[in-house]
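Note: the block below is input_33.cif and it holds mmCIF, C-alpha atoms.
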```
data_start
loop_
_atom_site.group_PDB
_atom_site.id
_atom_site.type_symbol
_atom_site.label_atom_id
_atom_site.label_comp_id
_atom_site.auth_asym_id
_atom_site.auth_seq_id
_atom_site.Cartn_x
_atom_site.Cartn_y
_atom_site.Cartn_z
ATOM 1 C CA MET U 1 58.318 216.816 243.088
ATOM 2 C CA GLN U 2 55.522 216.299 245.602
ATOM 3 C CA GLU U 3 52.667 213.969 244.887
ATOM 4 C CA LYS U 4 50.106 216.732 244.937
ATOM 5 C CA ASP U 5 52.237 218.737 242.503
ATOM 6 C CA VAL U 6 52.231 215.812 240.103
ATOM 7 C CA TYR U 7 48.469 215.539 240.447
ATOM 8 C CA ALA U 8 48.060 219.255 239.869
ATOM 9 C CA GLU U 9 50.295 219.001 236.820
ATOM 10 C CA LEU U 10 48.369 216.075 235.346
ATOM 11 C CA THR U 11 45.088 217.871 235.995
ATOM 12 C CA SER U 12 46.277 221.033 234.295
ATOM 13 C CA ILE U 13 47.510 219.012 231.311
ATOM 14 C CA ARG U 14 44.172 217.254 230.934
ATOM 15 C CA ASN U 15 42.369 220.560 231.354
ATOM 16 C CA LEU U 16 44.480 222.178 228.620
ATOM 17 C CA MET U 17 43.985 219.277 226.224
ATOM 18 C CA GLU U 18 40.213 219.455 226.687
ATOM 19 C CA ARG U 19 40.023 223.213 226.546
ATOM 20 C CA SER U 20 42.140 223.428 223.410
ATOM 21 C CA ALA U 21 40.420 220.661 221.471
ATOM 22 C CA LYS U 22 36.842 221.132 222.649
ATOM 23 C CA PHE U 23 34.449 224.014 222.777
ATOM 24 C CA ILE U 24 33.098 223.795 226.323
ATOM 25 C CA SER U 25 31.348 227.140 226.607
ATOM 26 C CA LEU U 26 27.998 225.776 225.408
ATOM 27 C CA HIS U 27 25.424 226.501 228.069
ATOM 28 C CA GLY U 28 22.639 224.074 228.935
ATOM 29 C CA LEU U 29 20.060 226.810 229.463
ATOM 30 C CA SER U 30 20.451 228.041 225.891
ATOM 31 C CA GLY U 31 19.253 224.592 224.819
ATOM 32 C CA VAL U 32 16.239 224.847 227.113
ATOM 33 C CA LEU U 33 15.355 228.305 225.744
ATOM 34 C CA ALA U 34 15.797 227.136 222.138
ATOM 35 C CA GLY U 35 13.360 224.338 222.915
ATOM 36 C CA ILE U 36 10.824 226.792 224.328
ATOM 37 C CA TYR U 37 11.128 229.037 221.249
ATOM 38 C CA ALA U 38 10.599 226.000 219.035
ATOM 39 C CA LEU U 39 7.488 224.927 220.935
ATOM 40 C CA ALA U 40 6.115 228.481 220.713
ATOM 41 C CA GLY U 41 6.952 228.487 217.007
ATOM 42 C CA ALA U 42 5.218 225.143 216.514
ATOM 43 C CA TYR U 43 2.119 226.468 218.294
ATOM 44 C CA ILE U 44 2.056 229.593 216.100
ATOM 45 C CA GLY U 45 2.591 227.364 213.079
ATOM 46 C CA TYR U 46 -0.324 225.213 214.130
ATOM 47 C CA ARG U 47 -2.530 228.307 214.504
ATOM 48 C CA ILE U 48 -1.539 229.562 211.068
ATOM 49 C CA VAL U 49 -2.480 226.273 209.476
ATOM 50 C CA TYR U 50 -5.622 225.907 211.601
ATOM 51 C CA GLN U 51 -6.889 229.386 210.768
ATOM 52 C CA ALA U 52 -6.409 228.653 207.121
ATOM 53 C CA GLY U 53 -9.186 226.154 207.555
ATOM 54 C CA THR U 54 -7.360 222.914 206.973
ATOM 55 C CA GLY U 55 -9.039 221.341 209.960
ATOM 56 C CA MET U 56 -8.197 220.394 213.499
ATOM 57 C CA VAL U 57 -5.607 217.805 212.634
ATOM 58 C CA TYR U 58 -2.518 219.127 210.988
ATOM 59 C CA ARG U 59 -1.514 217.345 207.816
ATOM 60 C CA ASP U 60 1.637 218.415 206.059
ATOM 61 C CA TYR U 61 0.545 217.669 202.519
ATOM 62 C CA TYR U 62 -2.673 219.615 202.902
ATOM 63 C CA ILE U 63 -0.724 222.825 202.730
ATOM 64 C CA SER U 64 0.036 223.874 199.234
ATOM 65 C CA ASP U 65 -0.894 227.509 199.602
ATOM 66 C CA GLY U 66 2.207 229.608 199.074
ATOM 67 C CA GLY U 67 1.129 232.261 201.583
ATOM 68 C CA ILE U 68 0.884 229.773 204.419
ATOM 69 C CA ILE U 69 4.240 228.254 203.541
ATOM 70 C CA LEU U 70 5.793 231.718 203.565
ATOM 71 C CA LYS U 71 4.289 232.474 206.994
ATOM 72 C CA LEU U 72 5.497 229.136 208.361
ATOM 73 C CA ALA U 73 8.951 229.778 206.944
ATOM 74 C CA MET U 74 9.055 233.189 208.658
ATOM 75 C CA VAL U 75 8.121 231.584 212.000
ATOM 76 C CA ALA U 76 10.809 228.911 211.556
ATOM 77 C CA LEU U 77 13.351 231.578 210.669
ATOM 78 C CA ALA U 78 12.433 233.644 213.737
ATOM 79 C CA VAL U 79 12.813 230.559 215.964
ATOM 80 C CA LEU U 80 16.199 229.814 214.379
ATOM 81 C CA MET U 81 17.455 233.381 214.805
ATOM 82 C CA ALA U 82 16.291 233.622 218.425
ATOM 83 C CA SER U 83 17.912 230.253 219.235
ATOM 84 C CA ILE U 84 21.238 231.205 217.642
ATOM 85 C CA ALA U 85 21.278 234.595 219.386
ATOM 86 C CA THR U 86 20.501 232.983 222.756
ATOM 87 C CA GLY U 87 23.160 230.317 222.237
ATOM 88 C CA VAL U 88 25.821 232.873 221.308
ATOM 89 C CA LEU U 89 24.953 235.178 224.219
ATOM 90 C CA PHE U 90 25.025 232.369 226.779
ATOM 91 C CA SER U 91 28.296 231.034 225.371
ATOM 92 C CA ILE U 92 29.947 234.449 225.502
ATOM 93 C CA ARG U 93 28.867 234.829 229.108
ATOM 94 C CA LYS U 94 30.037 231.362 230.096
ATOM 95 C CA ALA U 95 33.373 231.812 228.338
ATOM 96 C CA ARG U 96 33.891 235.134 230.073
ATOM 97 C CA LEU U 97 33.031 233.672 233.486
ATOM 98 C CA ASN U 98 35.560 230.869 232.948
ATOM 99 C CA GLY U 99 38.161 233.238 231.550
ATOM 100 C CA GLN U 100 38.181 231.481 228.168
ATOM 101 C CA GLN U 101 38.206 232.665 224.607
ATOM 102 C CA ILE U 102 34.979 232.321 222.677
ATOM 103 C CA TRP U 103 36.622 232.411 219.267
ATOM 104 C CA ASN U 104 39.234 229.650 219.304
ATOM 105 C CA PRO U 105 40.251 226.744 217.050
ATOM 106 C CA ALA U 106 37.694 224.476 218.756
ATOM 107 C CA SER U 107 34.755 226.827 218.228
ATOM 108 C CA LYS U 108 35.851 227.427 214.628
ATOM 109 C CA GLY U 109 36.041 223.676 214.044
ATOM 110 C CA MET U 110 32.617 223.213 215.595
ATOM 111 C CA LEU U 111 31.025 225.899 213.401
ATOM 112 C CA VAL U 112 32.586 224.598 210.188
ATOM 113 C CA HIS U 113 31.620 220.995 210.870
ATOM 114 C CA ALA U 114 28.085 221.875 211.951
ATOM 115 C CA GLY U 115 27.817 224.316 209.049
ATOM 116 C CA ILE U 116 28.455 221.823 206.241
ATOM 117 C CA PRO U 117 25.420 219.581 206.897
ATOM 118 C CA LEU U 118 23.289 222.580 207.906
ATOM 119 C CA VAL U 119 23.926 224.572 204.736
ATOM 120 C CA THR U 120 23.590 221.460 202.573
ATOM 121 C CA GLY U 121 20.301 220.584 204.254
ATOM 122 C CA GLY U 122 19.029 224.158 204.104
ATOM 123 C CA LEU U 123 19.710 224.424 200.382
ATOM 124 C CA LEU U 124 18.211 221.014 199.673
ATOM 125 C CA ILE U 125 15.059 221.921 201.615
ATOM 126 C CA LEU U 126 14.773 225.234 199.750
ATOM 127 C CA ILE U 127 15.134 223.454 196.404
ATOM 128 C CA LEU U 128 12.524 220.839 197.336
ATOM 129 C CA LEU U 129 10.237 223.583 198.655
ATOM 130 C CA VAL U 130 10.418 225.438 195.352
ATOM 131 C CA ARG U 131 9.610 222.205 193.552
ATOM 132 C CA GLY U 132 6.565 221.673 195.755
ATOM 133 C CA HIS U 133 7.719 218.821 197.969
ATOM 134 C CA PHE U 134 6.334 220.259 201.199
ATOM 135 C CA GLY U 135 6.195 216.931 202.997
ATOM 136 C CA ILE U 136 9.970 216.680 203.065
ATOM 137 C CA ILE U 137 10.509 219.796 205.191
ATOM 138 C CA ALA U 138 10.042 218.413 208.706
ATOM 139 C CA PRO U 139 11.976 215.152 208.221
ATOM 140 C CA ALA U 140 14.782 216.871 206.304
ATOM 141 C CA CYS U 141 15.147 219.627 208.928
ATOM 142 C CA LEU U 142 15.463 217.037 211.685
ATOM 143 C CA VAL U 143 17.802 214.683 209.814
ATOM 144 C CA PHE U 144 20.226 217.381 208.651
ATOM 145 C CA TYR U 145 20.159 219.113 212.024
ATOM 146 C CA GLY U 146 20.946 215.769 213.655
ATOM 147 C CA LEU U 147 23.850 215.182 211.262
ATOM 148 C CA ALA U 148 25.157 218.677 212.037
ATOM 149 C CA LEU U 149 25.047 217.946 215.773
ATOM 150 C CA VAL U 150 26.845 214.622 215.357
ATOM 151 C CA SER U 151 29.626 216.214 213.364
ATOM 152 C CA ALA U 152 29.877 219.216 215.728
ATOM 153 C CA SER U 153 30.095 216.891 218.719
ATOM 154 C CA TYR U 154 33.724 216.051 217.901
ATOM 155 C CA TYR U 155 34.510 219.609 218.946
ATOM 156 C CA THR U 156 32.343 219.853 222.019
ATOM 157 C CA PHE U 157 30.566 217.784 224.676
ATOM 158 C CA GLN U 158 29.926 214.187 223.661
ATOM 159 C CA ASP U 159 26.299 214.562 224.817
ATOM 160 C CA VAL U 160 25.637 216.635 221.717
ATOM 161 C CA ARG U 161 26.319 213.496 219.675
ATOM 162 C CA ARG U 162 23.520 211.610 221.403
ATOM 163 C CA LEU U 163 21.135 214.523 220.895
ATOM 164 C CA GLY U 164 22.091 214.456 217.200
ATOM 165 C CA LEU U 165 21.352 210.727 216.925
ATOM 166 C CA CYS U 166 17.926 211.267 218.541
ATOM 167 C CA GLU U 167 17.156 214.063 216.054
ATOM 168 C CA ILE U 168 18.114 211.802 213.125
ATOM 169 C CA ALA U 169 15.887 209.013 214.459
ATOM 170 C CA LEU U 170 12.974 211.456 214.851
ATOM 171 C CA GLY U 171 13.579 212.799 211.341
ATOM 172 C CA LEU U 172 13.427 209.306 209.873
ATOM 173 C CA GLY U 173 10.286 208.660 211.905
ATOM 174 C CA ALA U 174 8.751 211.835 210.490
ATOM 175 C CA ALA U 175 9.554 210.606 206.986
ATOM 176 C CA LEU U 176 7.789 207.317 207.737
ATOM 177 C CA LEU U 177 4.676 209.070 209.055
ATOM 178 C CA PRO U 178 3.891 211.847 206.597
ATOM 179 C CA GLY U 179 1.387 214.384 207.862
ATOM 180 C CA TYR U 180 2.717 214.565 211.392
ATOM 181 C CA GLY U 181 5.575 216.867 210.418
ATOM 182 C CA LEU U 182 4.742 219.643 212.854
ATOM 183 C CA LEU U 183 4.387 217.158 215.699
ATOM 184 C CA PHE U 184 7.806 215.631 215.006
ATOM 185 C CA TRP U 185 9.249 219.090 214.490
ATOM 186 C CA ALA U 186 7.962 220.174 217.909
ATOM 187 C CA ALA U 187 9.269 216.988 219.517
ATOM 188 C CA GLY U 188 12.726 217.288 217.931
ATOM 189 C CA PHE U 189 13.379 220.983 218.188
ATOM 190 C CA GLY U 190 11.238 221.633 221.259
ATOM 191 C CA VAL U 191 11.040 218.699 223.660
ATOM 192 C CA LEU U 192 14.462 217.177 222.896
ATOM 193 C CA HIS U 193 16.215 220.546 223.233
ATOM 194 C CA ILE U 194 14.584 221.205 226.591
ATOM 195 C CA LEU U 195 15.439 217.695 227.799
ATOM 196 C CA TYR U 196 19.060 217.830 226.677
ATOM 197 C CA GLY U 197 19.462 221.418 227.803
ATOM 198 C CA LEU U 198 18.390 220.383 231.305
ATOM 199 C CA ILE U 199 20.718 217.358 231.291
ATOM 200 C CA MET U 200 23.640 219.512 230.155
ATOM 201 C CA TYR U 201 22.756 222.213 232.660
ATOM 202 C CA TYR U 202 22.784 219.852 235.623
ATOM 203 C CA LYS U 203 25.850 218.000 234.346
ATOM 204 C CA TYR U 204 28.125 220.916 233.477
ATOM 205 C CA ASP U 205 26.721 224.267 234.534
ATOM 206 C CA ASN U 206 25.148 223.643 237.881
ATOM 207 C CA ARG U 207 27.884 221.598 239.554
ATOM 208 C CA LYS U 208 29.694 223.095 242.435
ATOM 209 C CA MET Q 1 63.654 207.788 238.561
ATOM 210 C CA LEU Q 2 64.196 211.396 237.685
ATOM 211 C CA GLU Q 3 66.247 210.684 234.576
ATOM 212 C CA GLN Q 4 63.051 209.428 232.950
ATOM 213 C CA PHE Q 5 61.750 212.961 233.013
ATOM 214 C CA ASP Q 6 62.313 214.727 229.765
ATOM 215 C CA LYS Q 7 64.617 217.750 230.126
ATOM 216 C CA ALA Q 8 62.638 219.513 227.423
ATOM 217 C CA PHE Q 9 59.550 219.389 229.623
ATOM 218 C CA GLU Q 10 61.177 220.824 232.715
ATOM 219 C CA SER Q 11 59.460 224.072 231.912
ATOM 220 C CA ARG Q 12 55.736 223.915 232.590
ATOM 221 C CA ILE Q 13 55.003 226.114 229.605
ATOM 222 C CA ARG Q 14 56.753 223.690 227.270
ATOM 223 C CA LEU Q 15 54.805 220.795 228.757
ATOM 224 C CA HIS Q 16 51.601 222.769 228.332
ATOM 225 C CA ILE Q 17 52.400 223.669 224.723
ATOM 226 C CA MET Q 18 52.993 220.004 224.061
ATOM 227 C CA SER Q 19 49.689 218.924 225.647
ATOM 228 C CA VAL Q 20 47.781 221.340 223.427
ATOM 229 C CA LEU Q 21 49.598 220.194 220.281
ATOM 230 C CA VAL Q 22 49.100 216.513 221.099
ATOM 231 C CA ALA Q 23 45.350 217.043 221.490
ATOM 232 C CA ASN Q 24 45.019 218.955 218.222
ATOM 233 C CA GLU Q 25 45.991 218.413 214.615
ATOM 234 C CA SER Q 26 47.795 221.750 214.652
ATOM 235 C CA PHE Q 27 47.567 225.069 216.476
ATOM 236 C CA ASP Q 28 48.471 228.625 215.523
ATOM 237 C CA PHE Q 29 50.662 231.014 217.468
ATOM 238 C CA SER Q 30 48.067 233.536 218.588
ATOM 239 C CA SER Q 31 45.520 230.936 219.724
ATOM 240 C CA LEU Q 32 48.281 229.230 221.683
ATOM 241 C CA LYS Q 33 49.213 232.540 223.229
ATOM 242 C CA ASP Q 34 45.616 233.249 224.299
ATOM 243 C CA LEU Q 35 45.142 229.768 225.678
ATOM 244 C CA LEU Q 36 48.340 229.618 227.728
ATOM 245 C CA ASP Q 37 48.217 233.275 228.698
ATOM 246 C CA VAL Q 38 51.909 234.000 228.045
ATOM 247 C CA THR Q 39 53.764 236.802 226.290
ATOM 248 C CA ASP Q 40 54.860 236.663 222.645
ATOM 249 C CA GLY Q 41 58.553 236.500 223.453
ATOM 250 C CA ASN Q 42 58.136 233.873 226.135
ATOM 251 C CA LEU Q 43 56.041 231.630 223.941
ATOM 252 C CA ALA Q 44 58.352 232.067 220.962
ATOM 253 C CA SER Q 45 61.432 231.031 222.932
ATOM 254 C CA HIS Q 46 59.737 227.918 224.311
ATOM 255 C CA LEU Q 47 58.471 226.990 220.859
ATOM 256 C CA LYS Q 48 61.971 227.411 219.493
ATOM 257 C CA ALA Q 49 63.324 225.057 222.153
ATOM 258 C CA LEU Q 50 60.733 222.402 221.281
ATOM 259 C CA GLU Q 51 61.463 222.866 217.605
ATOM 260 C CA LYS Q 52 65.156 222.323 218.274
ATOM 261 C CA GLU Q 53 64.345 218.998 219.957
ATOM 262 C CA GLU Q 54 62.292 218.161 216.850
ATOM 263 C CA TYR Q 55 59.239 217.652 219.047
ATOM 264 C CA ILE Q 56 57.206 220.066 216.961
ATOM 265 C CA SER Q 57 57.229 221.183 213.362
ATOM 266 C CA VAL Q 58 56.466 224.663 212.113
ATOM 267 C CA SER Q 59 54.672 225.736 208.979
ATOM 268 C CA LYS Q 60 54.447 229.358 207.968
ATOM 269 C CA SER Q 61 51.890 230.809 205.620
ATOM 270 C CA PHE Q 62 49.981 234.004 205.063
ATOM 271 C CA VAL Q 63 46.322 234.670 205.739
ATOM 272 C CA GLY Q 64 45.810 237.759 203.619
ATOM 273 C CA ARG Q 65 48.756 239.863 204.647
ATOM 274 C CA LYS Q 66 49.062 238.504 208.147
ATOM 275 C CA PRO Q 67 51.646 235.820 208.770
ATOM 276 C CA ASN Q 68 50.102 232.665 210.180
ATOM 277 C CA THR Q 69 52.445 230.258 211.927
ATOM 278 C CA ARG Q 70 51.093 226.822 212.746
ATOM 279 C CA TYR Q 71 52.673 224.251 214.993
ATOM 280 C CA THR Q 72 52.236 220.487 214.838
ATOM 281 C CA ALA Q 73 53.490 217.814 217.229
ATOM 282 C CA THR Q 74 55.878 215.404 215.503
ATOM 283 C CA LYS Q 75 55.865 211.650 216.056
ATOM 284 C CA ARG Q 76 58.998 212.067 218.148
ATOM 285 C CA GLY Q 77 57.303 214.772 220.200
ATOM 286 C CA ARG Q 78 54.192 212.681 220.827
ATOM 287 C CA GLU Q 79 56.326 209.769 222.019
ATOM 288 C CA ALA Q 80 58.361 212.019 224.306
ATOM 289 C CA PHE Q 81 55.143 213.496 225.706
ATOM 290 C CA SER Q 82 53.563 210.135 226.458
ATOM 291 C CA ASN Q 83 56.821 208.865 228.024
ATOM 292 C CA HIS Q 84 56.876 211.915 230.232
ATOM 293 C CA LEU Q 85 53.278 211.350 231.324
ATOM 294 C CA GLU Q 86 54.060 207.708 232.056
ATOM 295 C CA ALA Q 87 56.985 208.785 234.217
ATOM 296 C CA LEU Q 88 54.686 211.136 236.129
ATOM 297 C CA GLU Q 89 52.175 208.348 236.679
ATOM 298 C CA LYS Q 90 54.900 205.982 237.873
ATOM 299 C CA LEU Q 91 56.027 208.589 240.338
ATOM 300 C CA ILE Q 92 52.534 208.752 241.791
ATOM 301 C CA LYS Q 93 52.326 204.973 242.074
ATOM 302 C CA GLN Q 94 55.705 204.736 243.797
ATOM 303 C CA GLN Q 95 54.783 207.295 246.374
ATOM 304 C CA LYS Q 96 51.678 205.388 247.382
#
```
What do you get writing this file as structure tokens?
Amino acid sequence: MQEKDVYAELTSIRNLMERSAKFISLHGLSGVLAGIYALAGAYIGYRIVYQAGTGMVYRDYYISDGGIILKLAMVALAVLMASIATGVLFSIRKARLNGQQIWNPASKGMLVHAGIPLVTGGLLILILLVRGHFGIIAPACLVFYGLALVSASYYTFQDVRRLGLCEIALGLGAALLPGYGLLFWAAGFGVLHILYGLIMYYKYDNRK
Amino acid sequence: MLEQFDKAFESRIRLHIMSVLVANESFDFSSLKDLLDVTDGNLASHLKALEKEEYISVSKSFVGRKPNTRYTATKRGREAFSNHLEALEKLIKQQK
């Protein structure tokens, strides 16, 4: 066996181990786009609240009008849907370019492990919303989303774990500073996504 | 030197099957087939060979009506795999 054959063999083994255990078709640009959607959503959210006459400075606990909450929820839902669709489309394209399967044990593992904290958090937020605890929405969204990222990171790039930890920290910060929910929300879902999307893009997608 | 190489891993496909199983808790037949890009019969015969060496264990179940066969690396298989990798690394070092 030639030395370069051994190297090639070791490389292909490592490649297989990574490809089988990790979902590596996440695309950095889908993170950037998700961040842009979130910032747009936050701006629309701000307008909705502003037009309702609650003043220039957004304060979470000022909103108790059901109509406004419903509108804000629709905006958040639209942002979520657009982000998921973008992520899936980019992943399918990346997987196809690399000749990989999109639906494999790693992607299943990632979805299940991200899904548990996400669904738990979503239900908890809905319950609290119904009971009138509006102030909890922004911190809870960020904290549970962060937890979902941390647990999904075992099935994909390790960078996702750090993004998750940042989201958790922001969520806790939002809980400490009630009234700045939308600001934290925009920072977590908008700015952080764009930042991490760019890092991931230059690290994994743009290398030659 | 060469006797340190495991006969069971002489086939690249078998070595590749083993690397996937070592990196994962368990893996099912069709995902393995997609990943390694081999035919049913080819994969089945290599899996059988590894099973015979007791490097992997097989568990069969049904998902709905479809049979679902999962493979897991045994302790013996993991040791054999890491010995084989060590032998490969040694070979590289010796040639330097």
Output of the PyMOL selection byres ((chain Q) within 7 of (chain U)), listed as a ChimeraX atom specification: /Q:16,19-20,23-24,31,88,92
d(atom CA of U:Arg96, atom CA of Q:Lys66) in Å: 26.9 Å
Output check: residues returned by the PyMOL selection byres ((chain Q and resi 25) around 9), as a list in words: Leu21, Val22, Ala23, Asn24, Ser26, Phe27, Tyr71, Thr72 and Ala73 of chain Q
Distance criterion (all atoms listed in the file): nearest to U:Gly181 out of U:Leu198, U:Leu165, U:Ala152, U:Ala42: U:Ala42
Chain and number of each residue from the PyMOL selection byres ((chain U and resi 205) around 10), as JSON, numbers by chain: {"U": [25, 26, 27, 28, 29, 94, 198, 199, 200, 201, 202, 203, 204, 206, 207, 208]}
For Q:Ile13, the nearest of the candidates Q:Leu32, Q:Lys60, Q:Asn68, Q:Asn83, counting only C-alpha atoms: Q:Leu32
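The residue that comes closest to U:Gly197, out of U:Gly171, U:Ile69, U:Leu33, U:Ile24 and on the basis of only C-alpha atoms, is U:Leu33.
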Counting all atoms listed in the file, which residues sit no farther than 12 Å from the position (7.4, 226.5, 208.9) in the file's frame? I'd like them as a compact mmCIF listing (two decimals) with C-alpha atoms, in the frame of the given file.
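New file part_5.txt:
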```
# COMPACT_ATOMS: atom_id res chain seq x y z
CA ALA U 38 10.60 226.00 219.04
CA GLY U 41 6.95 228.49 217.01
CA ALA U 42 5.22 225.14 216.51
CA TYR U 43 2.12 226.47 218.29
CA ILE U 44 2.06 229.59 216.10
CA GLY U 45 2.59 227.36 213.08
CA TYR U 46 -0.32 225.21 214.13
CA ARG U 47 -2.53 228.31 214.50
CA ILE U 48 -1.54 229.56 211.07
CA VAL U 49 -2.48 226.27 209.48
CA ASP U 60 1.64 218.42 206.06
CA ILE U 63 -0.72 222.82 202.73
CA GLY U 66 2.21 229.61 199.07
CA GLY U 67 1.13 232.26 201.58
CA ILE U 68 0.88 229.77 204.42
CA ILE U 69 4.24 228.25 203.54
CA LEU U 70 5.79 231.72 203.56
CA LYS U 71 4.29 232.47 206.99
CA LEU U 72 5.50 229.14 208.36
CA ALA U 73 8.95 229.78 206.94
CA MET U 74 9.06 233.19 208.66
CA VAL U 75 8.12 231.58 212.00
CA ALA U 76 10.81 228.91 211.56
CA LEU U 77 13.35 231.58 210.67
CA ALA U 78 12.43 233.64 213.74
CA VAL U 79 12.81 230.56 215.96
CA LEU U 80 16.20 229.81 214.38
CA ILE U 125 15.06 221.92 201.62
CA LEU U 126 14.77 225.23 199.75
CA LEU U 129 10.24 223.58 198.66
CA PHE U 134 6.33 220.26 201.20
CA GLY U 135 6.20 216.93 203.00
CA ILE U 136 9.97 216.68 203.06
CA ILE U 137 10.51 219.80 205.19
CA ALA U 138 10.04 218.41 208.71
CA CYS U 141 15.15 219.63 208.93
CA GLY U 181 5.58 216.87 210.42
CA LEU U 182 4.74 219.64 212.85
CA LEU U 183 4.39 217.16 215.70
CA TRP U 185 9.25 219.09 214.49
CA ALA U 186 7.96 220.17 217.91
```
Separation of atom CA of U:Arg161 from atom CA of U:Leu195 in Å: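 If I compute the distance from atom CA of U:Leu195 to atom CA of U:Arg161, I get 14.2 Å.
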For Q:Leu35, the nearest of the candidates U:Ala175, U:Ala148, U:Ile102, U:Leu170, counting all atoms listed in the file: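 Answer, going by the shortest atom-to-atom distance: U:Ile102.
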Distance query Q:Leu15 at most 10 Å, only C-alpha atoms, self and fewer than 3 positions along chain excluded, as a list in words: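 Here the answer would be Glu9 and Ile13 of chain U; Asp6, Ala8, Phe9, Glu10, Ser11, Arg12, Met18, Ser19, Val20, Leu21, His46, Leu50, Phe81, His84 and Leu85 of chain Q.
Between atom CA of Q:Arg65 and atom CA of Q:Ala49 the separation is 27.2 Å.
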Exercise: U:Arg162 partners within 9 Å, all atoms listed in the file, chain neighbours under 3 positions left out, as number ranges by chain: U: 149-150, 153, 158-159, 165-167
Atoms are missing here; could stretch 32-37 of chain Q be completed with all heavy atoms and written as a PDB file, keeping the file's coordinate frame?
```pdb
ATOM      1  N   LEU Q  32      47.461 229.831 220.635  1.00  0.00           N
ATOM      2  CA  LEU Q  32      48.281 229.230 221.683  1.00  0.00           C
ATOM      3  C   LEU Q  32      48.591 230.255 222.769  1.00  0.00           C
ATOM      4  O   LEU Q  32      48.547 229.970 223.961  1.00  0.00           O
ATOM      5  CB  LEU Q  32      49.571 228.705 221.045  1.00  0.00           C
ATOM      6  CG  LEU Q  32      50.298 227.529 221.695  1.00  0.00           C
ATOM      7  CD1 LEU Q  32      49.345 226.375 221.938  1.00  0.00           C
ATOM      8  CD2 LEU Q  32      51.441 227.073 220.817  1.00  0.00           C
ATOM      9  N   LYS Q  33      48.876 231.461 222.301  1.00  0.00           N
ATOM     10  CA  LYS Q  33      49.213 232.540 223.229  1.00  0.00           C
ATOM     11  C   LYS Q  33      48.016 232.868 224.131  1.00  0.00           C
ATOM     12  O   LYS Q  33      48.159 233.010 225.348  1.00  0.00           O
ATOM     13  CB  LYS Q  33      49.626 233.784 222.428  1.00  0.00           C
ATOM     14  CG  LYS Q  33      50.405 234.784 223.229  1.00  0.00           C
ATOM     15  CD  LYS Q  33      50.705 236.012 222.414  1.00  0.00           C
ATOM     16  CE  LYS Q  33      49.567 236.996 222.559  1.00  0.00           C
ATOM     17  NZ  LYS Q  33      49.794 238.265 221.885  1.00  0.00           N
ATOM     18  N   ASP Q  34      46.830 232.956 223.516  1.00  0.00           N
ATOM     19  CA  ASP Q  34      45.616 233.249 224.299  1.00  0.00           C
ATOM     20  C   ASP Q  34      45.337 232.145 225.306  1.00  0.00           C
ATOM     21  O   ASP Q  34      44.980 232.414 226.452  1.00  0.00           O
ATOM     22  CB  ASP Q  34      44.405 233.371 223.365  1.00  0.00           C
ATOM     23  CG  ASP Q  34      44.469 234.647 222.537  1.00  0.00           C
ATOM     24  OD1 ASP Q  34      45.185 235.563 222.964  1.00  0.00           O
ATOM     25  OD2 ASP Q  34      43.820 234.696 221.489  1.00  0.00           O
ATOM     26  N   LEU Q  35      45.492 230.912 224.849  1.00  0.00           N
ATOM     27  CA  LEU Q  35      45.142 229.768 225.678  1.00  0.00           C
ATOM     28  C   LEU Q  35      46.072 229.657 226.886  1.00  0.00           C
ATOM     29  O   LEU Q  35      45.637 229.406 228.006  1.00  0.00           O
ATOM     30  CB  LEU Q  35      45.212 228.493 224.833  1.00  0.00           C
ATOM     31  CG  LEU Q  35      44.685 227.215 225.462  1.00  0.00           C
ATOM     32  CD1 LEU Q  35      43.201 227.324 225.705  1.00  0.00           C
ATOM     33  CD2 LEU Q  35      44.967 226.035 224.544  1.00  0.00           C
ATOM     34  N   LEU Q  36      47.367 229.821 226.646  1.00  0.00           N
ATOM     35  CA  LEU Q  36      48.340 229.618 227.728  1.00  0.00           C
ATOM     36  C   LEU Q  36      48.575 230.894 228.532  1.00  0.00           C
ATOM     37  O   LEU Q  36      49.200 230.850 229.589  1.00  0.00           O
ATOM     38  CB  LEU Q  36      49.663 229.121 227.145  1.00  0.00           C
ATOM     39  CG  LEU Q  36      49.593 227.800 226.382  1.00  0.00           C
ATOM     40  CD1 LEU Q  36      50.938 227.432 225.809  1.00  0.00           C
ATOM     41  CD2 LEU Q  36      49.110 226.679 227.296  1.00  0.00           C
ATOM     42  N   ASP Q  37      48.090 232.009 227.999  1.00  0.00           N
ATOM     43  CA  ASP Q  37      48.217 233.275 228.698  1.00  0.00           C
ATOM     44  C   ASP Q  37      49.684 233.631 228.980  1.00  0.00           C
ATOM     45  O   ASP Q  37      50.081 233.835 230.119  1.00  0.00           O
ATOM     46  CB  ASP Q  37      47.413 233.214 230.010  1.00  0.00           C
ATOM     47  CG  ASP Q  37      47.025 234.605 230.488  1.00  0.00           C
ATOM     48  OD1 ASP Q  37      47.137 235.537 229.662  1.00  0.00           O
ATOM     49  OD2 ASP Q  37      46.637 234.745 231.651  1.00  0.00           O
TER      50      ASP Q  37
END
```
